[in-house]
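Colleague: One structure, as structure tokens, below. Some questions next.
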Amino acid sequence: MENLRSKPFWDRSPLESLADGYKKLPRNFKLCMLATFIIGLAAHMYCYTNMLTGADDAFLFSDTRTFADGASGTRWLLAIYFALIKTIRMPWLLGVMTLLLYGVAAWLVCETLSITSSAGIILVSGLMVTSPTMISSNFYLTSAHMYAGALLFACLAAYAYEKWRHGWIAAFVFMLLSEGSYAAYISMTLCLFFLCSLKELLFDQEANDKHNLVRHFGMLFLFGGSMVATTVICNLITANNTAGRVQDAQAQAATDYIDNIITSVQQVFAFFLPGTSNSYFHGERVMYSLFLLCAALSAVLVIWLLVKQQLWKRPLGLFLLVADIVCLPLAMNVIGIVSKWVHTLMTFAYLTPWLFFVMAVEQLYRRDDLRKDWERLLRWGYSLLSCVVAGLTVLCGIRLANICYTKAYARYTEGLADSIRLTNLIEAIPNYVKGETPVAFVGVSDNDFPWQDAYELTSDIAGIGDLYYWQGMYTAPFVLDSYVNQHLRANMLIFPQDAAIFTADTIADQLNDAGINASADEIKELLQDLHAFPKEDCWTWYNDVLLIKLFAN
């Protein structure tokens, strides 16, 4: 066969150029991407081919978000991400783009943690692409590529800091880009840094503890500097108008950082305990059992290596080991400390315990100082058990994703039918004029059935519970206008607009602003005698405004 490299680029066919480029890719990268796509499609294909339109996707046919809109929540790159996709026409393509970004991120994690074995690469790829955070991102498929980009930049920052000469400059830029995409993923940068430090302390017999300590201070200054720079960028873009949820939270959080630290650490432990409202393991006993086994095996390995490395003879090394272990929970929820509020699932570096697990196996298997037969036997047994635990965790993640998507689709069809029923009822009311009659809603649609617990897992994984998302569906306040008017073409003049919840006070204020005389007390009195939707008598007239009662509370 003719050597492609002997031919000038302009004389090659596109296929020849692609083949030559593919051959130049590192083997580990190709294996990582292959594992990511195969495992990722097994977990998320249902979502990519069915487009489970979520609350944040209700703007499908028009997206007018600007740089200032994104900067109000630190996502100053938001406008660029959405400019790349415009309107949503091929959800499967968004899924493929997301998997591509996650695959590159997984490869960067493997390179950063020096995981080069085929089994380790496949396990890291599988763990990353099936984690509950990935499932959560796909519930917002129009934004999934943005979350994947944030994770990619976060992993790039850690990779640059650990592997590149003078990489702190590139790391700072990548941290800015990660925070500008979705700030909470910066936790991944810090967690990877601490894992690298633990790797050096526990497995490198010639580790330089003083150099390691300097690296810690360097990462601290980089993180602090990136957060300050992000705040400055957001303030400049919004013309110093900090009326955004993150900026407001920062202003509030700045008054009591000690309580924020305590609360954030408590959140991490609550998140990894069963039975809590925001636990990854709600109803997933097998996953939780695997997590406990992973934690136990990792703890045993740390103690054994502490003894074998004789770390007590290196006071600075012992201090760094303890500090890294103590700081890991802080790193896993560092954005919660800074801003006090952030999306539930994006807050936690869920992968950290498993990544340490796989990294430890890789490093243990490379040790050449295990000369005793029992040590070599334990190493082999530990490695095999670790692969089984991680592999079962990947399978559980695939199962969890498909369960969540199936339940979400059931809720989707329920919400669709509910919204159609509501629109048909309004349009059948005498004297209602489409596009002209003001329609005011009170409350949200309450679909709390006796078997509601069947959907509880989906609510937790999606990161949103209560009446906000799965129970309220498309009659939830901030998506009602978009969904009814865009998807159902109802051309309905809806009040209130841009509200968090439909209360009588909010309706009265917005009606008065629109030049319609209204009193909150009068609205409350009128609604007392009405039944809530879907009852037929859920409506009444008030000063030529059609009032709709959505729930009884």
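To be explicit about the labels: the chains of the structure tokens are called A, B, and onward in the order shown, and within each one the residues are counted from 1, while ligands get numbers from 1 in the order they are shown.
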As JSON, numbers by chain, please: the residues near Gly95 in chain A (cut-off 9 Å, only C-alpha atoms, same-chain neighbours under 6 positions excluded).
Modeller: {"A": [41, 44, 45, 47, 48, 49, 138, 141, 144, 145]}
Colleague: Hey, which bits of range 289-374 of chain A sit within 12 Å of range 117-129 of chain A, and for each residue what's the closest pair of atoms and how far apart in Å (one decimal), counting only C-alpha atoms, rows by chain and increasing number, as a Markdown table?
Modeller:
| residue | atom | partner | partner_atom | distance |
| --- | --- | --- | --- | --- |
| A:Ala349 | CA | A:Met128 | CA | 10.5 |
| A:Tyr350 | CA | A:Met128 | CA | 9.2 |
| A:Leu351 | CA | A:Met128 | CA | 6.9 |
| A:Thr352 | CA | A:Met128 | CA | 10.2 |
| A:Pro353 | CA | A:Leu127 | CA | 10.9 |
| A:Trp354 | CA | A:Leu127 | CA | 7.7 |
| A:Leu355 | CA | A:Val124 | CA | 6.9 |
| A:Phe356 | CA | A:Val124 | CA | 10.3 |
| A:Phe357 | CA | A:Val124 | CA | 10.1 |
| A:Val358 | CA | A:Gly120 | CA | 6.3 |
| A:Met359 | CA | A:Gly120 | CA | 7.8 |
| A:Ala360 | CA | A:Gly120 | CA | 10.3 |
| A:Val361 | CA | A:Gly120 | CA | 8.4 |
| A:Glu362 | CA | A:Gly120 | CA | 7.0 |
| A:Gln363 | CA | A:Ser117 | CA | 10.3 |
| A:Tyr365 | CA | A:Ser117 | CA | 10.0 |
| A:Arg366 | CA | A:Ser117 | CA | 10.3 |
Colleague: Keeping only C-alpha atoms, write the selected residues as a PDB file, in the first residue's frame.
Modeller:
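Saved the output as again.pdb:
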ATOM      1  CA  ALA A 349     -18.206  15.806  41.581  1.00  0.00           C
ATOM      2  CA  TYR A 350     -20.002  12.475  41.833  1.00  0.00           C
ATOM      3  CA  LEU A 351     -17.204  10.684  39.996  1.00  0.00           C
ATOM      4  CA  THR A 352     -14.457  11.498  42.507  1.00  0.00           C
ATOM      5  CA  PRO A 353     -14.649   8.313  44.666  1.00  0.00           C
ATOM      6  CA  TRP A 354     -14.797   6.084  41.598  1.00  0.00           C
ATOM      7  CA  LEU A 355     -11.968   7.897  39.822  1.00  0.00           C
ATOM      8  CA  PHE A 356      -9.769   7.451  42.888  1.00  0.00           C
ATOM      9  CA  PHE A 357     -10.762   3.793  42.921  1.00  0.00           C
ATOM     10  CA  VAL A 358      -9.731   3.163  39.299  1.00  0.00           C
ATOM     11  CA  MET A 359      -6.595   5.320  39.607  1.00  0.00           C
ATOM     12  CA  ALA A 360      -5.520   3.415  42.716  1.00  0.00           C
ATOM     13  CA  VAL A 361      -5.873   0.070  40.956  1.00  0.00           C
ATOM     14  CA  GLU A 362      -3.828   1.329  38.007  1.00  0.00           C
ATOM     15  CA  GLN A 363      -1.035   2.626  40.234  1.00  0.00           C
ATOM     16  CA  TYR A 365      -0.732  -2.781  39.520  1.00  0.00           C
ATOM     17  CA  ARG A 366       2.366  -0.902  38.347  1.00  0.00           C
TER      18      ARG A 366
END
Colleague: Quote the spacing between CA of Val307 in chain A and CA of His216 in chain A in Å to one decimal place.
Modeller: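 Value for the CA of Val307 in chain A-CA of His216 in chain A distance: 23.9 Å.
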Colleague: Find the residues near range 101-103 of chain A: any atom within 8 Å, counting only C-alpha atoms, skip ones fewer than 3 places away on the same chain, and give them as a PyMOL selection string.
Modeller: chain A and resi 32-33+36-37+97-98+106-107+125+128-129+145+148-149+151-152
Colleague: Let's have the selection written as a compact mmCIF listing (two decimals), in the first residue's frame, with all heavy atoms.
Modeller:
# COMPACT_ATOMS: atom_id res chain seq x y z
N CYS A 32 -10.84 5.33 24.26
CA CYS A 32 -11.70 6.12 25.15
C CYS A 32 -12.95 6.58 24.40
O CYS A 32 -14.07 6.49 24.91
CB CYS A 32 -10.92 7.31 25.69
SG CYS A 32 -11.71 8.14 27.06
N MET A 33 -12.79 7.10 23.18
CA MET A 33 -13.92 7.58 22.41
C MET A 33 -14.86 6.43 22.04
O MET A 33 -16.09 6.57 22.10
CB MET A 33 -13.43 8.27 21.14
CG MET A 33 -12.61 9.52 21.39
SD MET A 33 -13.47 10.78 22.36
CE MET A 33 -14.78 11.23 21.23
N THR A 36 -16.78 5.43 25.14
CA THR A 36 -17.76 6.47 25.48
C THR A 36 -18.99 6.37 24.60
O THR A 36 -20.12 6.45 25.08
CB THR A 36 -17.13 7.86 25.35
OG1 THR A 36 -16.03 7.97 26.26
CG2 THR A 36 -18.14 8.95 25.67
N PHE A 37 -18.80 6.19 23.31
CA PHE A 37 -19.93 6.16 22.39
C PHE A 37 -20.76 4.89 22.57
O PHE A 37 -22.00 4.94 22.59
CB PHE A 37 -19.45 6.28 20.95
CG PHE A 37 -19.37 7.70 20.48
CD1 PHE A 37 -18.25 8.48 20.75
CD2 PHE A 37 -20.41 8.29 19.79
CE1 PHE A 37 -18.18 9.80 20.34
CE2 PHE A 37 -20.35 9.61 19.38
CZ PHE A 37 -19.22 10.36 19.65
N MET A 97 -22.96 15.18 19.76
CA MET A 97 -22.02 16.24 20.14
C MET A 97 -21.67 16.15 21.62
O MET A 97 -20.51 16.30 22.02
CB MET A 97 -22.64 17.61 19.83
CG MET A 97 -22.72 17.97 18.37
SD MET A 97 -23.66 19.50 18.12
CE MET A 97 -22.76 20.64 19.18
N THR A 98 -22.68 15.89 22.43
CA THR A 98 -22.45 15.79 23.88
C THR A 98 -21.55 14.61 24.19
O THR A 98 -20.61 14.71 25.00
CB THR A 98 -23.80 15.65 24.61
OG1 THR A 98 -24.61 16.79 24.33
CG2 THR A 98 -23.59 15.55 26.11
N ALA A 106 -13.24 12.44 29.17
CA ALA A 106 -12.84 11.18 29.80
C ALA A 106 -11.37 10.86 29.49
O ALA A 106 -10.62 10.39 30.36
CB ALA A 106 -13.75 10.05 29.33
N TRP A 107 -10.95 11.09 28.25
CA TRP A 107 -9.55 10.85 27.88
C TRP A 107 -8.62 11.77 28.66
O TRP A 107 -7.56 11.34 29.13
CB TRP A 107 -9.37 11.05 26.38
CG TRP A 107 -7.95 10.91 25.94
CD1 TRP A 107 -7.22 9.76 25.86
CD2 TRP A 107 -7.06 11.97 25.54
NE1 TRP A 107 -5.94 10.03 25.42
CE2 TRP A 107 -5.81 11.38 25.22
CE3 TRP A 107 -7.21 13.35 25.41
CZ2 TRP A 107 -4.72 12.13 24.79
CZ3 TRP A 107 -6.13 14.10 24.98
CH2 TRP A 107 -4.91 13.50 24.67
N SER A 125 -14.31 5.83 31.14
CA SER A 125 -15.26 6.30 30.13
C SER A 125 -16.68 5.93 30.49
O SER A 125 -17.60 6.74 30.40
CB SER A 125 -14.89 5.73 28.75
OG SER A 125 -13.58 6.08 28.38
N MET A 128 -17.98 7.92 33.61
CA MET A 128 -18.29 9.32 33.33
C MET A 128 -19.56 9.48 32.52
O MET A 128 -20.38 10.35 32.80
CB MET A 128 -17.11 9.97 32.58
CG MET A 128 -15.89 10.21 33.45
SD MET A 128 -14.63 11.23 32.66
CE MET A 128 -15.46 12.81 32.58
N VAL A 129 -19.74 8.62 31.53
CA VAL A 129 -20.87 8.83 30.62
C VAL A 129 -22.18 8.30 31.18
O VAL A 129 -23.26 8.65 30.69
CB VAL A 129 -20.56 8.17 29.25
CG1 VAL A 129 -20.86 6.68 29.26
CG2 VAL A 129 -21.30 8.87 28.12
N HIS A 145 -24.89 20.08 25.53
CA HIS A 145 -23.56 20.33 24.98
C HIS A 145 -22.83 21.43 25.76
O HIS A 145 -21.60 21.44 25.85
CB HIS A 145 -23.67 20.72 23.51
CG HIS A 145 -24.40 21.99 23.26
ND1 HIS A 145 -25.71 22.18 23.62
CD2 HIS A 145 -24.00 23.17 22.71
CE1 HIS A 145 -26.09 23.40 23.29
NE2 HIS A 145 -25.09 24.02 22.75
N ALA A 148 -21.51 19.71 28.87
CA ALA A 148 -20.37 18.88 28.46
C ALA A 148 -19.16 19.76 28.17
O ALA A 148 -18.02 19.39 28.49
CB ALA A 148 -20.73 18.05 27.24
N GLY A 149 -19.38 20.93 27.58
CA GLY A 149 -18.28 21.86 27.34
C GLY A 149 -17.67 22.36 28.63
O GLY A 149 -16.44 22.49 28.75
N LEU A 151 -17.57 20.75 31.48
CA LEU A 151 -16.77 19.66 32.03
C LEU A 151 -15.47 19.50 31.25
O LEU A 151 -14.40 19.28 31.85
CB LEU A 151 -17.57 18.36 31.99
CG LEU A 151 -16.83 17.12 32.49
CD1 LEU A 151 -16.47 17.26 33.96
CD2 LEU A 151 -17.65 15.87 32.25
N LEU A 152 -15.53 19.61 29.93
CA LEU A 152 -14.33 19.47 29.11
C LEU A 152 -13.29 20.53 29.49
O LEU A 152 -12.10 20.22 29.67
CB LEU A 152 -14.70 19.60 27.63
CG LEU A 152 -13.53 19.57 26.64
CD1 LEU A 152 -12.76 18.27 26.73
CD2 LEU A 152 -14.03 19.80 25.21
Colleague: Name all residues at most 8 Å from Leu177 in chain A (count only C-alpha atoms; drop same-chain ones fewer than 2 positions away) and give them as number ranges by chain.
Modeller: A: 77, 150, 153, 173-175, 179-181
Colleague: Just the selected residues (all heavy atoms), exported as an mmCIF file, in the first residue's frame, please.
Modeller:
data_model
loop_
_atom_site.group_PDB
_atom_site.id
_atom_site.type_symbol
_atom_site.label_atom_id
_atom_site.label_comp_id
_atom_site.auth_asym_id
_atom_site.auth_seq_id
_atom_site.Cartn_x
_atom_site.Cartn_y
_atom_site.Cartn_z
ATOM 1 N N LEU A 77 -20.758 32.616 28.314
ATOM 2 C CA LEU A 77 -20.601 31.968 27.009
ATOM 3 C C LEU A 77 -21.910 31.402 26.476
ATOM 4 O O LEU A 77 -21.931 30.785 25.405
ATOM 5 C CB LEU A 77 -19.567 30.843 27.110
ATOM 6 C CG LEU A 77 -18.104 31.271 27.250
ATOM 7 C CD1 LEU A 77 -17.227 30.066 27.532
ATOM 8 C CD2 LEU A 77 -17.635 31.972 25.987
ATOM 9 N N ALA A 150 -18.510 22.638 29.614
ATOM 10 C CA ALA A 150 -18.006 23.085 30.915
ATOM 11 C C ALA A 150 -17.132 22.014 31.555
ATOM 12 O O ALA A 150 -16.067 22.313 32.118
ATOM 13 C CB ALA A 150 -19.177 23.436 31.834
ATOM 14 N N PHE A 153 -13.713 21.779 29.623
ATOM 15 C CA PHE A 153 -12.775 22.842 29.997
ATOM 16 C C PHE A 153 -12.226 22.616 31.404
ATOM 17 O O PHE A 153 -11.053 22.910 31.670
ATOM 18 C CB PHE A 153 -13.457 24.203 29.912
ATOM 19 C CG PHE A 153 -13.706 24.681 28.506
ATOM 20 C CD1 PHE A 153 -14.961 25.119 28.124
ATOM 21 C CD2 PHE A 153 -12.685 24.673 27.580
ATOM 22 C CE1 PHE A 153 -15.194 25.555 26.827
ATOM 23 C CE2 PHE A 153 -12.907 25.109 26.273
ATOM 24 C CZ PHE A 153 -14.165 25.548 25.900
ATOM 25 N N VAL A 173 -6.957 29.991 31.842
ATOM 26 C CA VAL A 173 -7.873 30.271 30.734
ATOM 27 C C VAL A 173 -8.977 29.223 30.678
ATOM 28 O O VAL A 173 -10.165 29.544 30.517
ATOM 29 C CB VAL A 173 -7.109 30.319 29.396
ATOM 30 C CG1 VAL A 173 -8.085 30.468 28.226
ATOM 31 C CG2 VAL A 173 -6.106 31.460 29.393
ATOM 32 N N PHE A 174 -8.606 27.955 30.818
ATOM 33 C CA PHE A 174 -9.603 26.886 30.762
ATOM 34 C C PHE A 174 -10.583 26.970 31.937
ATOM 35 O O PHE A 174 -11.774 26.670 31.781
ATOM 36 C CB PHE A 174 -8.917 25.521 30.748
ATOM 37 C CG PHE A 174 -8.178 25.228 29.477
ATOM 38 C CD1 PHE A 174 -6.929 24.634 29.500
ATOM 39 C CD2 PHE A 174 -8.725 25.554 28.254
ATOM 40 C CE1 PHE A 174 -6.241 24.366 28.330
ATOM 41 C CE2 PHE A 174 -8.049 25.288 27.061
ATOM 42 C CZ PHE A 174 -6.802 24.693 27.105
ATOM 43 N N MET A 175 -10.098 27.365 33.104
ATOM 44 C CA MET A 175 -10.996 27.539 34.243
ATOM 45 C C MET A 175 -11.993 28.666 33.983
ATOM 46 O O MET A 175 -13.172 28.556 34.323
ATOM 47 C CB MET A 175 -10.187 27.809 35.519
ATOM 48 C CG MET A 175 -9.382 26.615 36.000
ATOM 49 S SD MET A 175 -8.231 26.977 37.340
ATOM 50 C CE MET A 175 -9.335 27.014 38.735
ATOM 51 N N GLU A 179 -16.024 28.078 33.909
ATOM 52 C CA GLU A 179 -16.942 28.864 34.720
ATOM 53 C C GLU A 179 -17.893 29.692 33.850
ATOM 54 O O GLU A 179 -19.047 29.919 34.223
ATOM 55 C CB GLU A 179 -16.140 29.779 35.658
ATOM 56 C CG GLU A 179 -15.369 29.011 36.723
ATOM 57 C CD GLU A 179 -14.274 29.845 37.367
ATOM 58 O OE1 GLU A 179 -14.180 31.035 37.031
ATOM 59 O OE2 GLU A 179 -13.510 29.297 38.177
ATOM 60 N N GLY A 180 -17.418 30.112 32.676
ATOM 61 C CA GLY A 180 -18.272 30.850 31.766
ATOM 62 C C GLY A 180 -19.295 29.991 31.067
ATOM 63 O O GLY A 180 -20.268 30.497 30.508
ATOM 64 N N SER A 181 -19.080 28.662 31.099
ATOM 65 C CA SER A 181 -20.048 27.729 30.517
ATOM 66 C C SER A 181 -21.046 27.265 31.574
ATOM 67 O O SER A 181 -22.258 27.357 31.380
ATOM 68 C CB SER A 181 -19.318 26.516 29.924
ATOM 69 O OG SER A 181 -18.372 26.910 28.957
#
Colleague: So which residues of range 350-438 of chain A fall under alpha helix (DSSP H) by DSSP, listed as a PyMOL selection string?
Modeller: chain A and resi 352-366+373-427
Colleague: Point out the residue among A:Leu527, A:Asp521, A:Leu547, A:Arg489 with the least atom-to-atom distance to Pro438 in chain A, counting only C-alpha atoms.
Modeller: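 Counting only C-alpha atoms, the residue closest to Pro438 in chain A is A:Leu547.
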Colleague: Can you tell me how far CA of Phe319 in chain A sits from CA of Leu201 in chain A, in Å to one decimal?
Modeller: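 We find that CA of Phe319 in chain A and CA of Leu201 in chain A lie 10.4 Å from each other.
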Colleague: Counting only C-alpha atoms, which residue out of A:Ile337, A:Leu93, A:Ala79, A:Cys404 sits closest to Met146 in chain A?
Modeller: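 Nearest candidate to Met146 in chain A out of A:Ile337, A:Leu93, A:Ala79, A:Cys404: A:Ala79.
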Colleague: Of the candidates A:Ala408, A:Val338, A:Ala428, A:Leu100, which shows the shortest atom-to-atom distance to Ile258 in chain A, using only C-alpha atoms?
Modeller: A:Val338
Colleague: Could you check which of A:Glu111, A:Asp20, A:Asp259, A:Asp324 is closest to Asn212 in chain A, using only C-alpha atoms?
Modeller: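 Closest to Asn212 in chain A of all the choices is A:Asp324.
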Colleague: CA of Asn333 in chain A to CA of Phe272 in chain A: how many Å, to one decimal?
Modeller: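 Result for CA of Asn333 in chain A versus CA of Phe272 in chain A: 12.5 Å, one decimal.
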Colleague: Would you pick out the contacts of Asn491 in chain A at 9 Å or less, using only C-alpha atoms, so that residues sharing its chain but fewer than 5 positions from it are not included, and give the list as a PyMOL selection string?
Modeller: chain A and resi 434-436+484-486
Colleague: Might you pull out every residue within 8 Å of Ser264 in chain A, with only C-alpha atoms counted and same-chain residues fewer than 3 positions away left off, and present them as a PyMOL selection string?
Modeller: chain A and resi 260-261+267-268+330+333-334+336-337
Colleague: Restrict the calculation to only C-alpha atoms, then for each residue of range 200-227 of chain A with any atom at most 12 Å from an atom of range 282-306 of chain A give the closest atom pair and their distance in Å to one decimal, rows by chain and rising residue number, as a tab-separated table.
Modeller:
residue	atom	partner	partner_atom	distance
A:Glu200	CA	A:Leu305	CA	11.7
A:Leu201	CA	A:Leu306	CA	9.0
A:Leu202	CA	A:Leu305	CA	6.0
A:Phe203	CA	A:Leu305	CA	7.6
A:Asp204	CA	A:Leu305	CA	10.6
A:Gln205	CA	A:Leu305	CA	10.6
Colleague: Convert the current residue selection to file output with N, CA, C and O atoms, as an mmCIF file, in the first residue's frame.
Modeller:
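The file below, again_17.cif, is the result:
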data_model
loop_
_atom_site.group_PDB
_atom_site.id
_atom_site.type_symbol
_atom_site.label_atom_id
_atom_site.label_comp_id
_atom_site.auth_asym_id
_atom_site.auth_seq_id
_atom_site.Cartn_x
_atom_site.Cartn_y
_atom_site.Cartn_z
ATOM 1 N N GLU A 200 0.527 11.096 43.976
ATOM 2 C CA GLU A 200 1.950 11.340 44.239
ATOM 3 C C GLU A 200 2.322 10.941 45.663
ATOM 4 O O GLU A 200 3.389 10.351 45.898
ATOM 5 N N LEU A 201 1.466 11.232 46.621
ATOM 6 C CA LEU A 201 1.779 10.940 48.022
ATOM 7 C C LEU A 201 1.780 9.449 48.315
ATOM 8 O O LEU A 201 2.624 8.955 49.065
ATOM 9 N N LEU A 202 0.829 8.726 47.729
ATOM 10 C CA LEU A 202 0.635 7.321 48.090
ATOM 11 C C LEU A 202 1.426 6.351 47.227
ATOM 12 O O LEU A 202 1.714 5.231 47.660
ATOM 13 N N PHE A 203 1.770 6.761 46.006
ATOM 14 C CA PHE A 203 2.376 5.799 45.083
ATOM 15 C C PHE A 203 3.773 6.188 44.606
ATOM 16 O O PHE A 203 4.474 5.350 44.054
ATOM 17 N N ASP A 204 4.172 7.437 44.797
ATOM 18 C CA ASP A 204 5.494 7.878 44.343
ATOM 19 C C ASP A 204 6.454 7.867 45.525
ATOM 20 O O ASP A 204 6.344 8.695 46.431
ATOM 21 N N GLN A 205 7.402 6.941 45.496
ATOM 22 C CA GLN A 205 8.329 6.821 46.615
ATOM 23 C C GLN A 205 9.350 7.953 46.642
ATOM 24 O O GLN A 205 10.018 8.170 47.645
#
